[in-house]
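So this block is target.cif, mmCIF, C-alpha atoms and all ligand atoms:
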data_final
loop_
_atom_site.label_atom_id
_atom_site.label_comp_id
_atom_site.auth_asym_id
_atom_site.auth_seq_id
_atom_site.Cartn_x
_atom_site.Cartn_y
_atom_site.Cartn_z
CA MET A 1 95.87 36.00 -0.05
CA SER A 2 98.84 35.45 2.22
CA SER A 3 100.94 38.52 3.08
CA LYS A 4 104.23 36.56 3.33
CA LYS A 5 105.76 35.35 0.06
CA LEU A 6 105.86 31.57 0.09
CA ASN A 7 108.31 29.52 -1.99
CA ALA A 8 107.46 26.91 -4.58
CA ILE A 9 109.42 24.46 -6.71
CA SER A 10 107.91 23.70 -10.11
CA LEU A 11 109.05 20.51 -11.84
CA PHE A 12 108.18 19.98 -15.55
CA CYS A 13 107.23 23.66 -15.54
CA SER A 14 106.95 24.00 -19.35
CA SER A 15 106.33 27.70 -20.08
CA GLY A 16 105.05 28.41 -16.57
CA ILE A 17 101.29 28.43 -17.08
CA GLY A 18 100.27 26.45 -13.98
CA ASP A 19 102.64 28.68 -11.98
CA LEU A 20 100.36 31.65 -12.78
CA GLY A 21 97.87 30.15 -10.32
CA LEU A 22 100.59 30.14 -7.64
CA LYS A 23 101.60 33.72 -8.38
CA ALA A 24 97.98 34.84 -8.06
CA ASN A 25 98.16 33.61 -4.44
CA ASN A 26 101.46 35.30 -3.66
CA ILE A 27 103.39 32.05 -3.95
CA SER A 28 106.67 32.55 -5.75
CA THR A 29 108.15 29.81 -7.93
CA VAL A 30 111.82 30.09 -6.99
CA VAL A 31 113.12 26.91 -8.65
CA ALA A 32 111.86 25.39 -11.89
CA CYS A 33 112.92 22.53 -14.13
CA GLU A 34 112.04 22.03 -17.82
CA LEU A 35 113.58 19.98 -20.61
CA LEU A 36 112.99 22.27 -23.60
CA PRO A 37 114.95 25.54 -23.86
CA GLU A 38 112.25 27.51 -25.72
CA ARG A 39 109.73 26.69 -22.96
CA MET A 40 112.23 27.52 -20.22
CA LYS A 41 112.89 30.89 -21.89
CA LEU A 42 109.18 31.68 -21.82
CA PHE A 43 109.00 30.47 -18.24
CA LEU A 44 111.82 32.76 -17.07
CA ASN A 45 110.41 35.63 -19.05
CA ASN A 46 107.21 35.38 -17.04
CA HIS A 47 108.71 34.26 -13.72
CA PRO A 48 112.00 36.19 -13.58
CA GLU A 49 112.37 35.57 -9.84
CA ALA A 50 112.94 31.83 -10.44
CA LYS A 51 116.18 29.94 -10.95
CA GLY A 52 115.61 27.81 -14.05
CA PHE A 53 117.16 24.36 -14.47
CA CYS A 54 116.89 23.54 -18.16
CA GLY A 55 117.49 19.92 -19.15
CA ASP A 56 116.66 16.37 -18.13
CA ILE A 57 115.40 16.20 -14.54
CA TRP A 58 117.29 12.92 -14.00
CA GLU A 59 120.55 14.76 -14.56
CA LEU A 60 119.51 17.94 -12.75
CA LYS A 61 117.80 16.59 -9.64
CA ASP A 62 120.93 16.74 -7.43
CA ASP A 63 121.72 20.30 -8.59
CA ILE A 64 118.14 21.34 -7.88
CA VAL A 65 118.34 19.96 -4.34
CA SER A 66 121.73 21.54 -3.54
CA TYR A 67 120.74 24.89 -5.08
CA TYR A 68 117.61 25.02 -2.94
CA GLN A 69 119.44 23.91 0.24
CA ASN A 70 122.24 26.44 -0.30
CA THR A 71 119.89 29.32 -1.08
CA TYR A 72 116.94 28.89 1.30
CA LYS A 73 116.88 28.06 5.00
CA GLU A 74 113.27 26.91 5.19
CA ASN A 75 111.71 23.93 3.47
CA PRO A 76 109.76 24.92 0.36
CA PHE A 77 106.10 25.65 0.99
CA LEU A 78 105.01 23.81 -2.13
CA LEU A 79 106.33 21.45 -4.77
CA ILE A 80 104.28 21.08 -7.94
CA ALA A 81 105.14 18.36 -10.43
CA THR A 82 103.26 17.96 -13.71
CA PRO A 83 105.19 15.28 -15.63
CA PRO A 84 104.36 14.63 -19.29
CA CYS A 85 101.48 12.26 -19.93
CA GLN A 86 102.17 10.93 -23.44
CA GLY A 87 103.35 7.56 -22.13
CA MET A 88 100.12 6.99 -20.26
CA SER A 89 97.65 9.15 -22.11
CA SER A 90 94.38 7.37 -22.92
CA ASN A 91 94.19 9.56 -26.06
CA GLY A 92 96.78 7.44 -27.81
CA MET A 93 95.99 4.12 -26.13
CA GLY A 94 95.14 2.41 -29.46
CA THR A 95 98.49 3.47 -30.91
CA ILE A 96 100.34 2.51 -27.76
CA LEU A 97 98.74 -0.96 -27.83
CA ASN A 98 99.54 -1.36 -31.52
CA ASN A 99 103.12 -0.25 -31.05
CA LEU A 100 103.58 -2.51 -28.06
CA LYS A 101 102.38 -5.43 -30.17
CA ARG A 102 104.88 -4.53 -32.87
CA GLY A 103 107.57 -4.23 -30.19
CA VAL A 104 108.20 -0.57 -31.06
CA ARG A 105 107.69 0.93 -27.63
CA PRO A 106 109.21 -0.50 -24.44
CA ILE A 107 106.56 -1.82 -22.08
CA PHE A 108 107.82 0.57 -19.41
CA ASP A 109 107.73 3.90 -21.18
CA PRO A 110 110.63 5.89 -19.63
CA ARG A 111 108.42 9.02 -19.54
CA ASN A 112 106.15 7.30 -17.01
CA LYS A 113 109.11 7.08 -14.63
CA LEU A 114 109.59 10.86 -14.51
CA ILE A 115 107.58 10.87 -11.30
CA VAL A 116 110.56 9.15 -9.64
CA PRO A 117 113.05 12.08 -9.68
CA ALA A 118 110.20 14.38 -8.60
CA VAL A 119 109.48 12.13 -5.60
CA GLU A 120 113.20 11.92 -4.80
CA ILE A 121 113.46 15.73 -4.74
CA ALA A 122 110.35 15.93 -2.56
CA LYS A 123 111.74 13.33 -0.14
CA ILE A 124 114.87 15.39 0.47
CA LEU A 125 113.46 18.93 0.45
CA GLN A 126 110.24 17.98 2.24
CA PRO A 127 107.89 20.76 1.10
CA GLU A 128 104.86 21.45 3.30
CA TRP A 129 102.57 20.67 0.37
CA ILE A 130 102.92 18.65 -2.83
CA ILE A 131 100.71 18.76 -5.93
CA PHE A 132 101.05 16.12 -8.66
CA GLU A 133 98.98 16.50 -11.82
CA ASN A 134 98.53 13.94 -14.57
CA VAL A 135 96.02 12.12 -16.78
CA PRO A 136 93.58 9.73 -15.04
CA SER A 137 95.22 6.69 -16.67
CA MET A 138 98.17 7.29 -14.36
CA ILE A 139 96.14 5.27 -11.84
CA ASN A 140 96.71 2.16 -13.97
CA THR A 141 100.31 2.87 -14.92
CA VAL A 142 103.11 0.68 -13.64
CA ILE A 143 106.80 1.47 -13.43
CA GLU A 144 109.83 -0.66 -12.73
CA ASP A 145 112.17 0.35 -9.92
CA THR A 146 114.87 -1.36 -7.87
CA TYR A 147 112.22 -3.32 -5.92
CA GLY A 148 110.41 -4.54 -9.06
CA VAL A 149 107.22 -3.53 -10.84
CA ILE A 150 104.93 -1.16 -8.96
CA ASN A 151 101.86 0.93 -9.71
CA ILE A 152 102.74 4.67 -9.67
CA ILE A 153 100.18 5.51 -6.99
CA ASP A 154 101.56 2.73 -4.74
CA TYR A 155 105.08 3.99 -5.46
CA VAL A 156 104.19 7.52 -4.30
CA ASN A 157 102.54 6.08 -1.16
CA ARG A 158 105.50 3.86 -0.41
CA GLU A 159 108.00 6.72 -0.78
CA LEU A 160 106.05 9.59 0.81
CA GLY A 161 103.28 7.93 2.85
CA ASP A 162 105.24 7.98 6.13
CA ILE A 163 105.44 11.77 6.17
CA TYR A 164 102.55 12.95 4.02
CA VAL A 165 98.78 12.46 3.94
CA GLY A 166 96.53 12.95 0.94
CA ARG A 167 95.15 10.98 -1.95
CA PRO A 168 94.74 11.08 -5.72
CA ILE A 169 91.41 12.16 -7.13
CA VAL A 170 90.11 12.40 -10.71
CA ILE A 171 88.44 15.72 -11.41
CA ASP A 172 87.00 17.51 -14.43
CA VAL A 173 88.33 21.07 -14.61
CA ALA A 174 84.88 22.20 -15.87
CA ASN A 175 83.77 21.71 -12.25
CA TYR A 176 86.24 24.42 -11.23
CA GLY A 177 85.09 27.17 -13.60
CA VAL A 178 87.29 26.27 -16.58
CA PRO A 179 85.17 26.37 -19.78
CA GLN A 180 86.49 22.99 -20.88
CA HIS A 181 86.10 19.29 -20.08
CA ARG A 182 89.52 18.05 -19.02
CA ASN A 183 89.77 15.07 -16.69
CA ARG A 184 92.88 15.06 -14.62
CA LEU A 185 94.30 13.08 -11.72
CA ILE A 186 95.23 15.50 -8.96
CA THR A 187 97.21 14.30 -5.95
CA ILE A 188 97.55 16.80 -3.12
CA LEU A 189 99.79 15.71 -0.22
CA THR A 190 100.65 17.56 2.96
CA LYS A 191 102.81 17.23 6.03
CA ASN A 192 101.37 20.42 7.52
CA ASP A 193 99.52 19.84 10.84
CA GLN A 194 96.43 21.83 9.84
CA GLY A 195 96.50 20.10 6.47
CA LYS A 196 96.62 16.70 8.18
CA GLU A 197 93.69 17.64 10.41
CA HIS A 198 91.73 18.85 7.41
CA PHE A 199 92.42 15.61 5.55
CA LYS A 200 91.36 13.55 8.57
CA ALA A 201 88.09 15.46 8.82
CA ASN A 202 87.27 15.69 5.11
CA GLY A 203 89.10 12.80 3.46
CA SER A 204 90.40 15.15 0.76
CA LEU A 205 92.62 18.19 0.29
CA MET A 206 90.93 19.12 -2.98
CA PRO A 207 88.61 22.14 -2.82
CA ALA A 208 84.90 21.53 -3.40
CA ALA A 209 83.65 21.94 -6.97
CA THR A 210 82.52 25.48 -7.77
CA HIS A 211 80.62 24.60 -10.98
CA SER A 212 78.37 21.81 -12.25
CA GLU A 213 76.27 21.00 -15.30
CA HIS A 214 73.19 22.42 -13.61
CA PRO A 215 73.53 25.15 -10.97
CA THR A 216 72.93 24.20 -7.33
CA MET A 217 72.98 26.08 -4.01
CA LEU A 218 76.74 25.57 -3.91
CA THR A 219 77.75 25.59 -7.56
CA GLU A 220 77.35 27.75 -10.64
CA ARG A 221 76.52 26.40 -14.09
CA TRP A 222 79.47 25.14 -16.18
CA LEU A 223 80.98 27.84 -18.36
CA THR A 224 80.33 27.08 -22.02
CA VAL A 225 82.02 27.86 -25.31
CA ARG A 226 79.29 30.44 -25.96
CA ASP A 227 79.95 32.16 -22.61
CA VAL A 228 83.60 32.77 -23.36
CA ILE A 229 84.24 33.13 -27.11
CA SER A 230 80.98 34.03 -28.88
CA ASN A 231 81.79 37.76 -28.69
CA LEU A 232 85.02 37.46 -30.73
CA PRO A 233 85.25 38.59 -34.37
CA PRO A 234 84.38 35.71 -36.74
CA LEU A 235 87.15 33.95 -38.70
CA SER A 236 87.27 31.23 -41.32
CA SER A 237 89.95 28.86 -42.63
CA ARG A 238 89.93 30.63 -46.00
CA LYS A 239 92.94 32.70 -46.96
CA GLY A 240 92.46 36.36 -46.06
CA GLU A 241 89.75 35.53 -43.50
CA ASN A 242 91.87 33.57 -41.05
CA ILE A 243 93.41 36.40 -39.00
CA ASP A 244 91.84 39.21 -36.99
CA PRO A 245 93.79 42.30 -38.08
CA ASN A 246 93.39 43.74 -34.57
CA ASN A 247 94.54 40.68 -32.65
CA PRO A 248 97.54 38.70 -33.97
CA LEU A 249 96.71 35.75 -31.68
CA HIS A 250 93.15 35.45 -32.99
CA LYS A 251 94.20 33.42 -36.03
CA VAL A 252 93.61 29.94 -37.44
CA PRO A 253 95.32 27.70 -40.00
CA ILE A 254 94.05 27.69 -43.60
CA LEU A 255 92.24 24.55 -44.81
CA ASP A 256 92.30 23.27 -48.40
CA ASP A 257 89.12 23.05 -50.51
CA ALA A 258 88.46 19.37 -49.73
CA LYS A 259 88.64 19.94 -45.97
CA LEU A 260 86.49 23.05 -46.27
CA PHE A 261 83.88 20.95 -48.14
CA TRP A 262 83.76 18.55 -45.18
CA VAL A 263 83.83 21.24 -42.49
CA THR A 264 81.31 23.69 -43.99
CA ASN A 265 78.74 20.90 -44.20
CA THR A 266 79.18 19.72 -40.61
CA PRO A 267 76.41 20.74 -38.16
CA GLU A 268 77.17 21.97 -34.62
CA GLY A 269 78.11 19.14 -32.25
CA GLN A 270 78.43 16.61 -35.13
CA THR A 271 81.29 14.94 -36.98
CA ALA A 272 81.99 15.37 -40.71
CA MET A 273 82.34 11.58 -40.82
CA ASN A 274 78.51 11.42 -40.64
CA ASN A 275 77.70 14.21 -43.14
CA GLN A 276 74.79 13.48 -45.46
CA CYS A 277 74.08 14.21 -49.11
CA VAL A 278 74.41 17.86 -50.20
CA ASN A 279 73.37 17.33 -53.84
CA PRO A 280 70.50 19.88 -53.98
CA TYR A 281 68.41 17.47 -56.13
CA CYS A 282 68.75 14.64 -53.63
CA MET A 283 69.64 15.72 -50.06
CA TYR A 284 69.16 12.14 -48.81
CA GLN A 285 69.77 12.04 -45.07
CA GLY A 286 69.79 8.28 -44.47
CA ASN A 287 73.33 7.27 -45.49
CA ALA A 288 74.91 4.89 -42.97
CA LEU A 289 76.79 6.56 -40.14
CA HIS A 290 80.43 6.03 -39.23
CA GLY A 291 81.51 3.90 -36.26
CA SER A 292 84.19 1.67 -34.82
CA LYS A 293 84.53 -1.75 -33.23
CA TYR A 294 87.05 -3.72 -31.21
CA ASP A 295 89.02 -6.31 -33.16
CA ALA A 296 90.03 -9.76 -31.89
CA GLU A 297 93.15 -8.27 -30.26
CA GLY A 298 91.10 -5.75 -28.29
CA VAL A 299 92.13 -2.71 -30.36
CA ASN A 300 89.32 -0.28 -31.24
CA ARG A 301 89.37 0.26 -35.02
CA SER A 302 87.33 2.70 -37.06
CA ASN A 303 85.02 1.19 -39.71
CA THR A 304 86.42 1.11 -43.24
CA ASP A 305 83.09 0.43 -44.98
CA THR A 306 81.36 3.72 -44.08
CA PRO A 307 79.84 5.04 -47.33
CA LEU A 308 81.52 7.96 -49.09
CA TYR A 309 78.93 8.23 -51.88
CA CYS A 310 75.20 8.86 -51.45
CA ARG A 311 73.20 5.64 -51.50
CA LYS A 312 70.41 7.36 -53.46
CA CYS A 313 72.08 9.64 -56.03
CA GLY A 314 75.73 8.49 -55.95
CA ALA A 315 77.09 12.01 -55.27
CA LEU A 316 80.26 12.37 -53.20
CA LEU A 317 79.30 12.93 -49.55
CA PRO A 318 81.15 15.72 -47.70
CA ARG A 319 82.89 13.12 -45.52
CA PRO A 320 86.66 13.04 -44.90
CA TYR A 321 88.42 10.79 -47.40
CA ALA A 322 91.91 9.71 -48.43
CA VAL A 323 92.90 9.09 -52.05
CA ASP A 324 94.55 5.79 -52.97
CA LYS A 325 97.85 6.74 -54.61
CA LYS A 326 97.78 3.81 -57.07
CA THR A 327 94.13 3.75 -58.17
CA GLY A 328 93.12 7.37 -57.46
CA GLU A 329 90.09 5.93 -55.64
CA LYS A 330 88.67 7.83 -52.69
CA ARG A 331 88.04 5.93 -49.46
CA ILE A 332 86.70 7.02 -46.06
CA MET A 333 89.49 8.46 -43.96
CA LYS A 334 90.80 6.38 -41.05
CA GLY A 335 89.46 8.03 -37.94
CA PHE A 336 86.85 7.92 -35.24
CA VAL A 337 83.57 9.81 -34.89
CA SER A 338 85.43 12.38 -32.81
CA ALA A 339 87.53 13.43 -35.86
CA TYR A 340 86.44 16.56 -37.75
CA LYS A 341 83.84 17.12 -35.06
CA ARG A 342 82.38 20.47 -34.07
CA MET A 343 82.12 21.52 -30.44
CA SER A 344 78.72 22.64 -29.07
CA TRP A 345 78.06 26.26 -28.17
CA ASP A 346 76.23 25.39 -24.97
CA LYS A 347 78.71 22.95 -23.46
CA PRO A 348 82.23 23.39 -22.12
CA ALA A 349 84.86 22.96 -24.87
CA SER A 350 86.44 19.56 -25.41
CA THR A 351 89.91 18.94 -23.95
CA LEU A 352 92.51 21.19 -25.55
CA THR A 353 95.69 19.34 -26.48
CA GLN A 354 98.73 20.31 -28.52
CA ASN A 355 96.58 19.28 -31.53
CA PHE A 356 93.85 21.81 -30.83
CA GLN A 357 94.42 23.56 -34.17
CA TYR A 358 94.20 20.35 -36.22
CA ALA A 359 90.73 19.92 -37.71
CA CYS A 360 91.22 16.14 -37.91
CA SER A 361 91.95 15.81 -34.18
CA ASP A 362 89.21 14.97 -31.67
CA ASN A 363 86.37 17.53 -31.27
CA LYS A 364 88.43 20.47 -32.43
CA LEU A 365 86.13 22.40 -34.80
CA HIS A 366 84.49 25.70 -33.85
CA PRO A 367 80.75 25.20 -33.12
CA THR A 368 79.57 27.04 -36.23
CA GLN A 369 82.42 28.84 -38.04
CA ASP A 370 84.46 26.96 -40.65
CA ARG A 371 87.64 26.54 -38.67
CA VAL A 372 89.36 25.28 -35.54
CA LEU A 373 89.82 27.48 -32.46
CA SER A 374 92.24 30.38 -32.69
CA LEU A 375 95.31 30.63 -30.44
CA TYR A 376 93.53 33.45 -28.61
CA GLU A 377 90.46 31.29 -28.00
CA GLY A 378 92.80 28.56 -26.72
CA LEU A 379 94.22 31.04 -24.20
CA ILE A 380 90.71 31.89 -23.03
CA ILE A 381 89.49 28.29 -22.81
CA GLN A 382 92.59 27.20 -20.89
CA THR A 383 92.00 30.24 -18.56
CA ILE A 384 95.48 31.61 -19.33
CA ALA A 385 93.92 34.87 -20.56
CA LEU A 386 92.72 35.55 -16.98
CA TYR A 387 96.32 36.10 -15.84
CA PRO A 388 99.11 38.45 -16.97
CA TYR A 389 101.37 36.50 -19.33
CA SER A 390 103.61 37.45 -22.26
CA PHE A 391 104.66 35.38 -25.28
CA VAL A 392 107.30 37.95 -26.24
CA VAL A 393 110.90 36.88 -25.66
CA ASP A 394 113.82 39.20 -26.51
CA GLY A 395 111.40 41.64 -28.17
CA ARG A 396 109.80 39.01 -30.47
CA GLN A 397 106.68 36.90 -30.13
CA VAL A 398 107.56 33.20 -30.01
CA THR A 399 106.33 30.95 -32.84
CA ASP A 400 102.72 29.81 -33.15
CA SER A 401 103.77 26.22 -32.53
CA VAL A 402 105.42 27.14 -29.20
CA ILE A 403 102.24 29.01 -28.18
CA ARG A 404 100.09 26.06 -29.27
CA ASP A 405 102.22 23.53 -27.35
CA THR A 406 102.32 25.80 -24.32
CA ILE A 407 98.51 26.00 -24.27
CA GLY A 408 97.86 22.33 -25.04
CA GLU A 409 100.31 20.97 -22.45
CA SER A 410 99.48 23.35 -19.66
CA ILE A 411 97.44 22.90 -16.54
CA PRO A 412 94.67 25.53 -16.42
CA PRO A 413 95.99 28.18 -14.03
CA LEU A 414 92.51 28.77 -12.63
CA LEU A 415 92.51 25.20 -11.29
CA ILE A 416 95.87 25.71 -9.56
CA ASP A 417 94.65 29.09 -8.30
CA LYS A 418 91.64 27.41 -6.65
CA ILE A 419 93.69 24.52 -5.24
CA VAL A 420 96.30 26.75 -3.59
CA SER A 421 93.78 29.31 -2.44
CA ASN A 422 92.04 26.41 -0.64
CA ILE A 423 95.38 25.29 0.84
CA LEU A 424 95.94 28.82 2.16
CA GLN A 425 92.44 28.77 3.68
CA ILE A 426 93.19 25.46 5.41
CA ILE A 427 96.34 26.79 7.08
CA LYS A 428 95.01 30.26 7.84
C1 LIG B 1 102.53 18.50 -19.00
S1 LIG B 1 103.83 19.59 -19.35
C2 LIG B 1 103.84 20.63 -17.94
C3 LIG B 1 102.88 21.79 -18.03
C4 LIG B 1 103.14 22.91 -17.08
N1 LIG B 1 102.96 22.54 -15.69
C5 LIG B 1 102.24 24.11 -17.38
O1 LIG B 1 101.26 24.34 -16.66
O2 LIG B 1 102.47 24.79 -18.38
C6 LIG B 1 105.25 18.55 -19.05
C7 LIG B 1 106.59 19.21 -19.34
O3 LIG B 1 107.63 18.31 -18.92
C8 LIG B 1 108.74 18.51 -19.77
N2 LIG B 1 109.65 17.35 -19.67
C9 LIG B 1 109.53 16.18 -20.34
N3 LIG B 1 110.55 15.35 -20.01
C10 LIG B 1 111.32 16.01 -19.11
C11 LIG B 1 112.52 15.68 -18.43
N4 LIG B 1 113.13 14.51 -18.61
N5 LIG B 1 113.06 16.60 -17.59
C12 LIG B 1 112.45 17.80 -17.42
N6 LIG B 1 111.30 18.16 -18.04
C13 LIG B 1 110.75 17.28 -18.88
C14 LIG B 1 108.09 18.69 -21.15
O4 LIG B 1 108.97 19.33 -22.04
C15 LIG B 1 106.85 19.49 -20.82
O5 LIG B 1 107.04 20.86 -21.03
#
Translate the structure described by the file into structure tokens.
Amino acid sequence: MSSKKLNAISLFCSSGIGDLGLKANNISTVVACELLPERMKLFLNNHPEAKGFCGDIWELKDDIVSYYQNTYKENPFLLIATPPCQGMSSNGMGTILNNLKRGVRPIFDPRNKLIVPAVEIAKILQPEWIIFENVPSMINTVIEDTYGVINIIDYVNRELGDIYVGRPIVIDVANYGVPQHRNRLITILTKNDQGKEHFKANGSLMPAATHSEHPTMLTERWLTVRDVISNLPPLSSRKGENIDPNNPLHKVPILDDAKLFWVTNTPEGQTAMNNQCVNPYCMYQGNALHGSKYDAEGVNRSNTDTPLYCRKCGALLPRPYAVDKKTGEKRIMKGFVSAYKRMSWDKPASTLTQNFQYACSDNKLHPTQDRVLSLYEGLIIQTIALYPYSFVVDGRQVTDSVIRDTIGESIPPLLIDKIVSNILQIIK
């Protein structure tokens, strides 16, 4: 820990979760920018020392720069920018491709360009250190600027490469003690002399991994779902059983009877799309499994011919289905083998997104209980629960959807904690 308070600027700060990792290292976020007012309120509630700029960064970038220059003599110690990833997320790549083909989405998604105002602010204020965080597909993302079309990584190099050293690296946060697989592209840049020396000697400014699948001399074993949430009171998605009376955040949405039929029959680590016969007189286990294939246009499509009725006895399989409005016929639900899938107790959780409480989303079911993860479990798995943080604004807890979005969009604070603690070691 440093004794002197260092200043940080946090762009796309959301509700200030990543900033908890700065605070833990005595780095104070003094300027923050976020588009959505309810997130900015939560941010300021938890980081009252900051000046919040709420709105579109394109419109606020000049104000941010002049506020910082008029208020502080020294350059900021750190600038952290975590722009939204929807435009480049590999999660929705099939949809993006489809939409592009239908001409719905512009080829250059404007959200991908949000790195530009962040780089412009960095160029003027020249922080000692810069951290960019995004999804790995950012590596392949192109933007259009005044000079033409350019890959984002090349753009950052072109704009900042004269002053800063550093490079992007794809990491899995599970390797840093977060009980979750979450691949992210982290770019750490520095203009600090010791930082430059460190980069020259090591080729990276990222700290070494602290965890791995199997423990080694230098790393501990990955933290698993069992390690972090198996001690919590059980819940289910049935009415009356979905909330822990002693913990208002340990709660899950209710599922209807059809979804419960699919979920209750899904084994740990498996998808409901592959469930087998549950007719006690048959119990045939050889019904064809679900899958997907690439069509002629290169779009991965889920199979539509996966059986919904047992090949032996004809009973309805507990597999997700949709009902045809005209004929009343049931057909296998559109979706991949990651839909309605249970996590495994003895692995890190799957990536938490804003959809982490939707059973149909990828790998979102509890390993054995009939439900998704609770908000409280989300806070634990995203490592937010390790740090002091309050969801109460003006005496009232914010809505569940704000909490869910805050968790799903955040950067695990433990990762930021480890990155900046390493930076402080480098410059010690
Ligand atoms: C990935 S989240 C950031 C997560 C945050 N660092 C944390 O740890 O909680 C990206 C944020 O950028 C915000 N955002 C999107 N477009 C923006 C814009 N034009 N100007 C400012 N903020 C924007 C979103 O509302 C969202 O909260």
List as a PDB file with C-alpha atoms, in the frame of the given file the protein and nucleic acid residues lying within 6 Å of ligand LIG 1 (chain B), with only C-alpha atoms and all ligand atoms counted.
ATOM      1  CA  PHE A  12     108.180  19.980 -15.550  1.00  0.00           C
ATOM      2  CA  CYS A  13     107.230  23.660 -15.540  1.00  0.00           C
ATOM      3  CA  SER A  14     106.950  24.000 -19.350  1.00  0.00           C
ATOM      4  CA  SER A  15     106.330  27.700 -20.080  1.00  0.00           C
ATOM      5  CA  GLY A  16     105.050  28.410 -16.570  1.00  0.00           C
ATOM      6  CA  ILE A  17     101.290  28.430 -17.080  1.00  0.00           C
ATOM      7  CA  GLY A  18     100.270  26.450 -13.980  1.00  0.00           C
ATOM      8  CA  CYS A  33     112.920  22.530 -14.130  1.00  0.00           C
ATOM      9  CA  GLU A  34     112.040  22.030 -17.820  1.00  0.00           C
ATOM     10  CA  LEU A  35     113.580  19.980 -20.610  1.00  0.00           C
ATOM     11  CA  LEU A  36     112.990  22.270 -23.600  1.00  0.00           C
ATOM     12  CA  GLY A  55     117.490  19.920 -19.150  1.00  0.00           C
ATOM     13  CA  ASP A  56     116.660  16.370 -18.130  1.00  0.00           C
ATOM     14  CA  ILE A  57     115.400  16.200 -14.540  1.00  0.00           C
ATOM     15  CA  THR A  82     103.260  17.960 -13.710  1.00  0.00           C
ATOM     16  CA  PRO A  83     105.190  15.280 -15.630  1.00  0.00           C
ATOM     17  CA  PRO A  84     104.360  14.630 -19.290  1.00  0.00           C
ATOM     18  CA  GLU A 409     100.310  20.970 -22.450  1.00  0.00           C
ATOM     19  CA  SER A 410      99.480  23.350 -19.660  1.00  0.00           C
ATOM     20  CA  ILE A 411      97.440  22.900 -16.540  1.00  0.00           C
TER      21      ILE A 411
END
Near Gln369 (chain A), counting all atoms listed in the file, which residues have an atom at most 8 Å away, once you skip same-chain residues fewer than 3 positions from it, shown as a PyMOL selection string?
-> chain A and resi 234-236+264+366
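Take the candidates A:Pro136, A:Glu38, A:Gly195, A:Gln126 and check each one against Asp162 (chain A) using all atoms listed in the file; the shortest distance goes to A:Gln126.
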Compile the contact shell of Arg301 (chain A) as a PyMOL selection string: residues with an atom at most 9 Å away, counting all atoms listed in the file, same-chain residues fewer than 3 positions apart removed.
-> chain A and resi 94+291-295+304+334-336
Padding 6 Å on every side, please: axis-aligned box over the listed atoms of region 303-307 of chain A, centre and edge lengths to one decimal in Å, as JSON.
{"center_x": 83.1, "center_y": 2.7, "center_z": -43.5, "size_x": 18.6, "size_y": 16.6, "size_z": 19.6}
By how many Å are CA of Arg158 (chain A) and CA of Glu144 (chain A) apart?
->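 About the pair CA of Arg158 (chain A) and CA of Glu144 (chain A): they are 13.8 Å apart.
Coordinates place CA of Leu415 (chain A) at a distance of 17.2 Å from CA of Arg167 (chain A).
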Limit the output to C-alpha atoms and give region 374-390 of chain A as a CSV table (one decimal), in the first residue's frame.
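result-v4.csv, written as the output of this step:
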chain,number,residue,atom,x,y,z
A,374,SER,CA,-28.8,-15.3,-6.6
A,375,LEU,CA,-27.8,-11.7,-6.6
A,376,TYR,CA,-25.7,-12.4,-3.5
A,377,GLU,CA,-23.9,-15.3,-5.2
A,378,GLY,CA,-23.3,-13.0,-8.2
A,379,LEU,CA,-21.6,-10.5,-5.8
A,380,ILE,CA,-19.4,-13.2,-4.4
A,381,ILE,CA,-18.5,-14.7,-7.8
A,382,GLN,CA,-17.6,-11.3,-9.2
A,383,THR,CA,-15.5,-10.7,-6.0
A,384,ILE,CA,-17.5,-7.6,-5.2
A,385,ALA,CA,-18.5,-9.1,-1.8
A,386,LEU,CA,-14.8,-8.9,-0.8
A,387,TYR,CA,-15.0,-5.0,-0.7
A,388,PRO,CA,-17.2,-2.6,1.2
A,389,TYR,CA,-20.0,-1.5,-1.2
A,390,SER,CA,-23.6,-0.3,-0.7
